[in-house]
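Read the structure below first, then the notes.
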Amino acid sequence: MSRATDDIQLAGNSLLLEHLVEELALGKRNQRGEIHIAYTPERGAEQFAKTYPVFHAKYPDVTFVIHEERVKEMEKHLADGTVDIAHISIRQPQPAFDYEWIDSEQMVLAVPRGNPLARKADEAKGPGLPLLDPAWLAGEKIVLNSQETLMRDMVDDLYRQAGLKPDVLFETSSSKTIISVVENGIAVGFVPQSYVVPSRKMVFFTAGHRYEWMLTVAHRRDYYLSNAEREFIRTFKEIYQASRQDRQSATRVR
């Protein structure tokens with residue numbers, strides 16, 4: 001056998017060994033290890049709590065490192081590799097990321113039932129939420145979404161398009177805080193559509209398709225998803241959409 005033939009055989013064996021090691025590593029990674037996941041402190045945390053027990057039954061040796069963050073932080077940490085996957089709301093896809101679509105959602109205005117503006121909701125005809133005329137916000141005290149949220153960008157745009165300046169009571173990153181303020185008749189506030197529930201204390205207006213976003217699970221385009229991560233995303237989507245159907249059934253009466 002020639003020296004050249006020996007070199008080719010050695011190279012082939014080396015490549016085979018390299019592939020074998022890679023396959024073993026991937027197989028191990030698919031069954032155990034840790035996943036760095038980012039989600040929002042409120043809805044994301046709630047959805048993770050629903051998903052985890054189902055996933056854990058299939059992958060008991062996979063653990064999670066949790067990052068509770070807002071959208072702008074998630075995008076930064078996805079890009080630099082701090083997190084592997086993120087339950088993230090987007091308006092425009094970023095070319096560096098791949099997305100699994102979960103749902104679409106609109107921004108809605110929550111209004112105290114005792115506010116004169118609420119009568120416009122009662123007068124509205126047809127199915128679904130009544131459409132907000134931004135001009136109605138003139139003179140309304142509002143709890144404003146904080147700067148690090150995706151929704152704040154949309155609220156700022158809505159006021160800018162209407163030629164209005166918000167009369168701000170205070171700012172918060174918590175949609176639950178906004179709902180609490182509205183329920184107590186103090187001010188109006190914008191929240192995601194999924195916060196709409198039948199209530200004697202509030203009415204809701206949709207801001208329309210201009211102020212809509214997509215709920216996704218995202219990862220870097222150059223990141224290899226393990227079987228465990230793929231299964232988590234599949235389970236997450238399945239459970240989210242089942243919960244969405246339950247919410248829709250509960251809110252058919254406006």
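Naming scheme: A, B, ... for chains in displayed order of the structure tokens; residues 1 onward per chain; ligands 1 onward as shown.
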Residues of region 88-187 of chain A at most 12 Å from region 233-241 of chain A: nearest atom pair and distance in Å, only C-alpha atoms, as a tab-separated table:
```
residue	atom	partner	partner_atom	distance
A:Tyr99	CA	A:Ile233	CA	10.5
A:Glu100	CA	A:Ile233	CA	8.0
A:Trp101	CA	A:Lys237	CA	8.4
A:Ile102	CA	A:Lys237	CA	5.8
A:Asp103	CA	A:Gln241	CA	7.7
A:Ser104	CA	A:Gln241	CA	11.0
```
Pull C-alpha atoms from the residues just selected and write them as a short mmCIF file (atom, residue, chain, number, x, y, z; two decimals), in the first residue's frame.
```
data_model
loop_
_atom_site.label_atom_id
_atom_site.label_comp_id
_atom_site.auth_asym_id
_atom_site.auth_seq_id
_atom_site.Cartn_x
_atom_site.Cartn_y
_atom_site.Cartn_z
CA TYR A 99 -39.04 32.23 14.04
CA GLU A 100 -41.76 29.72 14.84
CA TRP A 101 -45.08 31.56 14.54
CA ILE A 102 -47.36 31.07 17.56
CA ASP A 103 -50.10 33.69 17.22
CA SER A 104 -50.95 37.24 16.14
#
```
Fill in: Contacts of region 128-131 of chain A at 8 Å (only C-alpha atoms; same-chain gap of 4+ positions) as number ranges by chain
A: 121, 124, 204-208, 254
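Within region 48-96 of chain A, residues classed as strand (DSSP E) by DSSP on backbone coordinates are A:Val62, A:Thr63, A:Phe64, A:Val65, A:Ile66, A:His67, A:Glu68, A:Ile85, A:Ala86, A:His87, A:Ile88, A:Ser89, A:Ile90.
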Practice prompt. Could you give me, as a ChimeraX atom specification, each residue of region 113-247 of chain A that DSSP assigns to alpha helix (DSSP H) when run on this structure's backbone?
Written response: /A:118-123,150-162,175-183,227-247
Worksheet item: What lies within 7 Å of region 182-199 of chain A using only C-alpha atoms, ignoring chain neighbours under 3 positions off, as an MDAnalysis selection string?
Response: chainID A and resid 105:112 114 141:144 175 178:179 202 251 253:254
Residue subset to file, keeping N, CA, C and O atoms, as a PDB file, in the first residue's frame:
```
ATOM      1  N   GLU A 105     -51.480  39.174  17.486  1.00  0.00           N
ATOM      2  CA  GLU A 105     -52.187  39.869  18.560  1.00  0.00           C
ATOM      3  C   GLU A 105     -52.194  41.367  18.289  1.00  0.00           C
ATOM      4  O   GLU A 105     -51.272  41.906  17.681  1.00  0.00           O
ATOM      5  N   GLN A 106     -53.251  42.029  18.756  1.00  0.00           N
ATOM      6  CA  GLN A 106     -53.362  43.471  18.604  1.00  0.00           C
ATOM      7  C   GLN A 106     -53.277  44.171  19.953  1.00  0.00           C
ATOM      8  O   GLN A 106     -53.548  43.584  20.995  1.00  0.00           O
ATOM      9  N   MET A 107     -52.890  45.426  19.883  1.00  0.00           N
ATOM     10  CA  MET A 107     -52.874  46.286  21.056  1.00  0.00           C
ATOM     11  C   MET A 107     -54.301  46.781  21.313  1.00  0.00           C
ATOM     12  O   MET A 107     -54.999  47.179  20.377  1.00  0.00           O
ATOM     13  N   VAL A 108     -54.744  46.742  22.569  1.00  0.00           N
ATOM     14  CA  VAL A 108     -56.092  47.210  22.903  1.00  0.00           C
ATOM     15  C   VAL A 108     -56.010  48.250  24.016  1.00  0.00           C
ATOM     16  O   VAL A 108     -55.078  48.250  24.832  1.00  0.00           O
ATOM     17  N   LEU A 109     -57.006  49.128  24.024  1.00  0.00           N
ATOM     18  CA  LEU A 109     -57.124  50.128  25.077  1.00  0.00           C
ATOM     19  C   LEU A 109     -58.149  49.655  26.095  1.00  0.00           C
ATOM     20  O   LEU A 109     -59.297  49.354  25.745  1.00  0.00           O
ATOM     21  N   ALA A 110     -57.738  49.582  27.353  1.00  0.00           N
ATOM     22  CA  ALA A 110     -58.651  49.255  28.451  1.00  0.00           C
ATOM     23  C   ALA A 110     -59.148  50.569  29.070  1.00  0.00           C
ATOM     24  O   ALA A 110     -58.355  51.469  29.362  1.00  0.00           O
ATOM     25  N   VAL A 111     -60.466  50.641  29.261  1.00  0.00           N
ATOM     26  CA  VAL A 111     -61.104  51.876  29.740  1.00  0.00           C
ATOM     27  C   VAL A 111     -62.009  51.542  30.923  1.00  0.00           C
ATOM     28  O   VAL A 111     -62.778  50.572  30.867  1.00  0.00           O
ATOM     29  N   PRO A 112     -61.940  52.329  32.015  1.00  0.00           N
ATOM     30  CA  PRO A 112     -62.854  52.075  33.133  1.00  0.00           C
ATOM     31  C   PRO A 112     -64.315  52.206  32.705  1.00  0.00           C
ATOM     32  O   PRO A 112     -64.665  53.089  31.910  1.00  0.00           O
ATOM     33  N   GLY A 114     -66.775  53.389  34.218  1.00  0.00           N
ATOM     34  CA  GLY A 114     -67.366  54.666  34.575  1.00  0.00           C
ATOM     35  C   GLY A 114     -66.868  55.841  33.754  1.00  0.00           C
ATOM     36  O   GLY A 114     -67.377  56.955  33.887  1.00  0.00           O
ATOM     37  N   LYS A 141     -56.356  60.635  31.053  1.00  0.00           N
ATOM     38  CA  LYS A 141     -55.208  60.234  31.870  1.00  0.00           C
ATOM     39  C   LYS A 141     -54.862  58.784  31.537  1.00  0.00           C
ATOM     40  O   LYS A 141     -55.738  57.930  31.486  1.00  0.00           O
ATOM     41  N   ILE A 142     -53.557  58.503  31.316  1.00  0.00           N
ATOM     42  CA  ILE A 142     -53.149  57.173  30.882  1.00  0.00           C
ATOM     43  C   ILE A 142     -51.978  56.649  31.708  1.00  0.00           C
ATOM     44  O   ILE A 142     -51.101  57.417  32.121  1.00  0.00           O
ATOM     45  N   VAL A 143     -52.014  55.342  31.989  1.00  0.00           N
ATOM     46  CA  VAL A 143     -50.840  54.653  32.527  1.00  0.00           C
ATOM     47  C   VAL A 143     -50.045  54.178  31.323  1.00  0.00           C
ATOM     48  O   VAL A 143     -50.532  53.365  30.528  1.00  0.00           O
ATOM     49  N   LEU A 144     -48.850  54.682  31.155  1.00  0.00           N
ATOM     50  CA  LEU A 144     -48.070  54.456  29.943  1.00  0.00           C
ATOM     51  C   LEU A 144     -47.151  53.257  30.102  1.00  0.00           C
ATOM     52  O   LEU A 144     -46.568  53.029  31.159  1.00  0.00           O
ATOM     53  N   SER A 175     -48.356  44.824  32.422  1.00  0.00           N
ATOM     54  CA  SER A 175     -49.730  44.930  31.922  1.00  0.00           C
ATOM     55  C   SER A 175     -50.733  44.651  33.035  1.00  0.00           C
ATOM     56  O   SER A 175     -51.841  45.198  33.042  1.00  0.00           O
ATOM     57  N   ILE A 178     -51.411  47.835  34.790  1.00  0.00           N
ATOM     58  CA  ILE A 178     -52.306  48.678  34.004  1.00  0.00           C
ATOM     59  C   ILE A 178     -53.753  48.229  34.174  1.00  0.00           C
ATOM     60  O   ILE A 178     -54.658  49.045  34.403  1.00  0.00           O
ATOM     61  N   ILE A 179     -53.985  46.930  34.080  1.00  0.00           N
ATOM     62  CA  ILE A 179     -55.342  46.401  34.251  1.00  0.00           C
ATOM     63  C   ILE A 179     -55.892  46.753  35.632  1.00  0.00           C
ATOM     64  O   ILE A 179     -57.057  47.145  35.780  1.00  0.00           O
ATOM     65  N   MET A 202     -64.541  47.190  33.161  1.00  0.00           N
ATOM     66  CA  MET A 202     -63.764  47.712  32.043  1.00  0.00           C
ATOM     67  C   MET A 202     -64.457  47.431  30.725  1.00  0.00           C
ATOM     68  O   MET A 202     -65.237  46.490  30.600  1.00  0.00           O
ATOM     69  N   THR A 251     -64.539  34.876  26.110  1.00  0.00           N
ATOM     70  CA  THR A 251     -64.729  36.307  25.837  1.00  0.00           C
ATOM     71  C   THR A 251     -65.695  36.569  24.685  1.00  0.00           C
ATOM     72  O   THR A 251     -65.721  37.658  24.133  1.00  0.00           O
ATOM     73  N   VAL A 253     -68.824  36.961  24.857  1.00  0.00           N
ATOM     74  CA  VAL A 253     -69.784  37.989  25.279  1.00  0.00           C
ATOM     75  C   VAL A 253     -69.008  39.226  25.653  1.00  0.00           C
ATOM     76  O   VAL A 253     -68.172  39.199  26.544  1.00  0.00           O
ATOM     77  N   ARG A 254     -69.273  40.325  24.959  1.00  0.00           N
ATOM     78  CA  ARG A 254     -68.527  41.550  25.224  1.00  0.00           C
ATOM     79  C   ARG A 254     -69.216  42.346  26.317  1.00  0.00           C
ATOM     80  O   ARG A 254     -70.416  42.450  26.324  1.00  0.00           O
TER      81      ARG A 254
END
```
Discussion item. I'd like to know which of A:Lys58, A:Ala218, A:Pro95, A:Val155 is closest to Glu231 (chain A), using only C-alpha atoms.
Written reply: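 Result for the nearest residue to Glu231 (chain A): A:Lys58.
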Practice prompt. Calculate how many Å separate CA of Tyr59 (chain A) from CA of Leu225 (chain A), rounding to one decimal.
Written response: 14.8 Å
Discussion item. Neighbouring residues of Phe48 (chain A) were defined as those with any atom within 10 Å, considering only C-alpha atoms; residues of the same chain fewer than 3 positions away were excluded. Please report them as a ChimeraX atom specification.
Written reply: /A:37,39-40,43-45,51-53,66,87,232,236,239-240
